[in-house]
Structures are given as structure tokens and as C-alpha cells.
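Okay, structure first, notes after.
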Amino acid sequence: MLLGCTESVRNDVRSLLSSSALWRDSKRALKLRESPTVMQPNPSERGVHEGNGLSLNLQPEFLTGTPVIAAAAAAAASNADSSEVRVSMNGASGDSNGGASSRRSRVSSHTHSHVHSHSHGQSRAQLHSNSEPELDPPDPDGDSGEPSASLTELRCLFRWIQKSLPFLVILCAKLVVQHVLGLAVGVGLLTTFLYVNKNIQTQVFLQDRHSKLRCIWLLVFLISSTLLLYYTFLPETLYFSLIFLSPTIEPLGFWEILWAVGITNFIIKFLFMGIKCLILLVPSALVTYRTQGRWLMLTEELGQVHQATAPVPLWFRYLVSYQESDGVSGLTTGVLLALFYLILKLLGLYNQRTSLLKTVRIFLAGEHTGSAATRAQCSEAGDACPICQGEYRDPRVLICQHVFCDKCIALWFTREKSCPLCRIVMTDKVYKWRDGATSPHLQIY
């Protein structure tokens with residue numbers, strides 16, 4: 001009887017142990033289902049694997065949840081055969097429940113480590129590949145410092161010019177044909193001015209060696225050019241502008257006024273260049289080089305004043321003119337604009353008056369660039385002028401004790417204020433225009 005009780009107790013203990021083992025196995029299976037790797041058996045393979053086989057399936061919902069597992073899922077998705085990662089282990093049918101549980105634990109840990117290492121490697125490769133283009137971003141305009149938009153606008157402008165070039169050529173040809181006479185007159189006046197101005201400066205530089213015949217030829221050339229121009233446009237009476245009268249130009253438009261003012265400006269230059277040629281024709285016995293330079297300087301200053309005042313009647317008439325349809329408001333606006341123009345012109349003439357007064361003062365009093373040098377001073381200086389490298393002619397000694405020819409140092413001071421050797425300032429004013437030059441500035445207002 002005692003033995004029977006003992007056997008029944010043993011059976012109860014065994015049943016309790018087996019039920020406890022079954023409970024632990026079910027608990028482990030539940031934990032495996034709820035683990036982060038979400039390992040679930042594949043339903044399609046339950047009938048294939050027998051015994052204690054294990055099939056793990058990584059769910060895509062969880063793979064896309066974190067970056068590391070997402071990278072592993074992306075690598076696994078590239079396999080064309082299957083989008084699942086399975087780890088299967090088969091054991092004998094007679095294995096105990098404890099052995100199956102231990103194998104499941106080892107498989108789970110091995111799967112975790114394999115998936116983690118594989119996903120970590122894939123994530124590092126993906127992050128490295130994503131970070132490579134960011135290390136060296138493209139900068140097409142980094143060297144130039146200009147925005148790409150401005151370059152695009154320039155390209156568009158260049159393309160527009162290329163496309164419009166034939167039309168622009170046709171338009172320019174039409175304008176040339178319509179204004180061929182006026183353009184020919186302008187080119188002729190410009191070339192005449194440049195030619196005569198250069199020759200006058202050359203003759204002044206030659207001093208006593210200048211050619212009288214060349215000066216006569218320049219004078220005749222200027223007179224003939226002026227007479228031919230006025231004879232060609234005799235009906236317009238352009239010569240009225242020289243005496244501050246308005247020519248008879250009809251219709252009186254902007255381009256007509258601008259053309260008349262330009263011609264008048266060139267003619268005034270021609271007149272005063274002719275006066276310079278007459279000064280050069282005076283014998284050097286009557287006029288010294290210094291006196292000749294003062295006459296040339298005064299002539300140029302007076303010519304510039306004449307050029308500044310000659311366009312006033314033309315522009316005043318153009319600003320005051322109005323059409324009958326404009327009425328009183330058009331007349332009032334024209335008068336106000338003309339008054340503003342006169343005020344600006346008077347201010348400009350007042351500023352020019354200062355330069356004219358200085359020139360007149362120098363013309364009357366003369367400039368003093370040193371005193372007459374003695375023979376001892378010339379011998380001490382080397383008996384040769386540092387400028388012309390010849391014997392002294394009317395030597396002058398400066399305050400710095402350097403000796404030069406009178407004409408040489410006078411020519412030097414037409415462009416400089418200091419001594420040619422030591423660069424000590426000798427005068428407060430450059431005596432420009434004494435070399436016979438004429439200002440190329442075109443006074444159009």
C-alpha cells in the first residue's frame with residue numbers, strides 16, 4: 001500500500017514537471033513572437049518541416065521601422081527568389097523539450113547576431129555612400145563669385161544678339177543710306193581736325209625750324225574746308241550760329257539741332273586753329289618763343305569760350321518751341337526748361353571764367369621760370385642743355401641751380417610743374433595749350 005502511494009506521488013510529480021516544461025515552452029514561444037525581430041513561423045512550410053523544425057520570418061512592417069533594419073530589409077529585398085529571411089533547424093523526433101528549447105534559444109541568438117551584423121554592415125555602406133556626395137557638393141560658380149542667374153541672363157542676351165544681328169545690320173544699313181550726307185560730313189570734319197591739330201603741334205615743337213609753307217598749307221586747307229561746308233548747306237544758313245543767331249533749319253527737331261551744333265563746334269575749332277597758323281607765320285625776330293606760347297594759350301582759351309556760348313541760341317529756340325495743340329501749358333513748360341538751361345549755362349561760364357582770367361594774367365605779365373644764367377653757371381652745369389643735349393641758347397637758371405635753354409624749359413613747363421632733373425616744383429600752374437594743341441572736347445550744349 002505504501003508502495004502504491006509512493007508510485008502515485010511520483011506520477012503526480014512527473015505530470016507536474018511535464019506541465020511545467022510545457023508552460024515554459026509556450027512562454028518562450030510567446031516571447032519569440034513578441035521579440036523585436038518578430039520571428040514567426042512560415043505557414044506554408046509547417047507541413048514540410050517535421051519534428052522540432054524552426055522557421056523565422058522577418059516582417060516588413062518592422063523592417064521599415066528603424067534605419068538599421070530598413071537597410072537590412074533593402075538588401076534582402078534585392079533577392080529575386082524571396083523577400084524573407086529564414087533560418088530552419090531540424091532535429092530528431094525523440095529530442096527532449098529542454099533540448100529543443102535550448103536549440104531555439106541558440107538559433108534565435110545566432111539569427112539576431114547575423115541579422116544585426118548584416119544590417120549594420122549594410123547601413124554603414126549605405127550611410128557612407130550617401131555621405132560621399134555631400135563632402136564635395138557641386139559649386140559651378142564658386143570660382144567666379146557670381147550667381148548662376150546672372151550668367152544665364154548673359155547667355156540669353158548673347159543669344160538674342162546673335163539672332164537679332166542680321167536685322168541690326170539691315171537697320172544700320174538703312175540709317176546709313178538715309179543719313180549718308182550727314183555722316184560723310186561728320187567723318188570729314190573729324191579727320192580734318194585731327195590732321196590739322198597734329199601738324200600744328202609738330203610745327204610749334206620745331207620752334208625756329210618749323211616750315212612756313214606747311215603753316216600756309218594748313219591755313220588754306222582749313223579755309224577751303226569751311227567754305228565748302230557752308231556752300232553745301234547754304235539754304236540752312238549754318239554760319240548764323242557763329243554770330244549767335246539761329247539758322248533757318250526746318251523742321252527744328254532734336255537730331256537737326258544736334259547736327260547743327262556739332263558742325264558749328266568743329267567750324268569754331270577750325271577758325272581758331274587758323275589763327276594759330278597765322279601766329280606761327282609771324283617771324284621769330286618779332287615774336288619770341290615765350291611770347292608765341294602765350295598767344296597760342298590765349299587763343300585756345302578764347303576759342304573754348306566761343307564754343308561754349310555758340311549753341312545757346314539753338315537750344316533755347318528748341319526748348320521754347322511748342323505745338324499749337326499743346327496750348328498754354330506747352331509754352332509754359334518750354335519757357336521753364338529754357339530758363340533752367342540758361343542758369344546751367346551761366347554757371348558753366350562762371351567756372352570757365354577763372355581759367356580765362358588766369359590765362360589773361362599770364363599773357364599780360366608773362367611767366368617767370370628762373371633768371372638769366374652766367375657763363376660760370378653754364379660751365380659748371382656742363383655746357384650742354386640736359387633737354388636738347390646741345391649748346392645753351394639763352395640759358396636760364398632755376399631756383400634749384402639747374403641750367404636749361406630758355407625755349408627748352410618753356411616747352412617743358414607746358415606739361416610739367418617741376419624741374420626736369422630734381423623734380424622740385426617751380427610753378428603752381430601747368431601752362432597748357434602753349435604747344436599749339438586744340439581741345440578735342442565736343443561742346444554740344
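Lettering and numbering for the C-alpha cells are positional, with chains as A, B, ... in the shown order, residues counted from 1 in each chain, and ligands counted from 1 in the shown order.
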
Give me, as a list in words, all polymer residues having an atom no more than 12 Å from Val185 in chain A, counting only C-alpha atoms and skipping those fewer than 4 positions away in the same chain. His179, Val180, Leu181, Leu189, Leu190, Thr191, Thr192, Ser225, Thr226, Leu228, Leu229, Tyr230, Thr232, Phe233, Trp259, Ala260, Gly262, Ile263, Phe266 and Ile267 of chain A

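Taking CA of Val196 in chain A and CA of Pro311 in chain A as the two end points, the separation is 23.6 Å.
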
Please report, as number ranges by chain, each residue of range 266-422 of chain A to which DSSP assigns strand (DSSP E or B) when run on this structure's backbone. A: 371-372, 395-397, 403-405, 418

What's the 9 Å shell around range 387-399 of chain A, counting only C-alpha atoms, without same-chain residues fewer than 3 positions away, as number ranges by chain? A: 369-374, 377-378, 383-384, 402-409, 412, 419-420, 426

Write out the residues from the selection above, keeping C-alpha atoms, as a tab-separated table (two decimals), in the first residue's frame.
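Written output follows (again26.tsv):
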chain	number	residue	atom	x	y	z
A	369	THR	CA	60.89	130.43	-64.96
A	370	GLY	CA	64.26	131.37	-63.48
A	371	SER	CA	66.75	134.08	-64.34
A	372	ALA	CA	69.49	134.51	-66.92
A	373	ALA	CA	72.44	132.16	-66.31
A	374	THR	CA	76.08	133.34	-66.30
A	377	GLN	CA	76.95	128.64	-64.15
A	378	CYS	CA	76.76	127.19	-67.66
A	383	ASP	CA	77.98	123.48	-71.25
A	384	ALA	CA	75.13	121.31	-72.60
A	402	HIS	CA	69.92	123.73	-62.83
A	403	VAL	CA	70.52	125.42	-66.18
A	404	PHE	CA	68.45	124.91	-69.35
A	405	CYS	CA	67.78	126.64	-72.65
A	406	ASP	CA	65.02	129.21	-72.41
A	407	LYS	CA	62.90	127.58	-75.12
A	408	CYS	CA	63.54	124.08	-73.82
A	409	ILE	CA	62.45	124.84	-70.28
A	412	TRP	CA	58.85	121.60	-70.61
A	419	CYS	CA	62.40	120.73	-62.65
A	420	PRO	CA	63.33	118.02	-65.21
A	426	MET	CA	58.69	125.52	-59.85

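CA of Phe270 in chain A is found 6.0 Å from CA of Leu222 in chain A.
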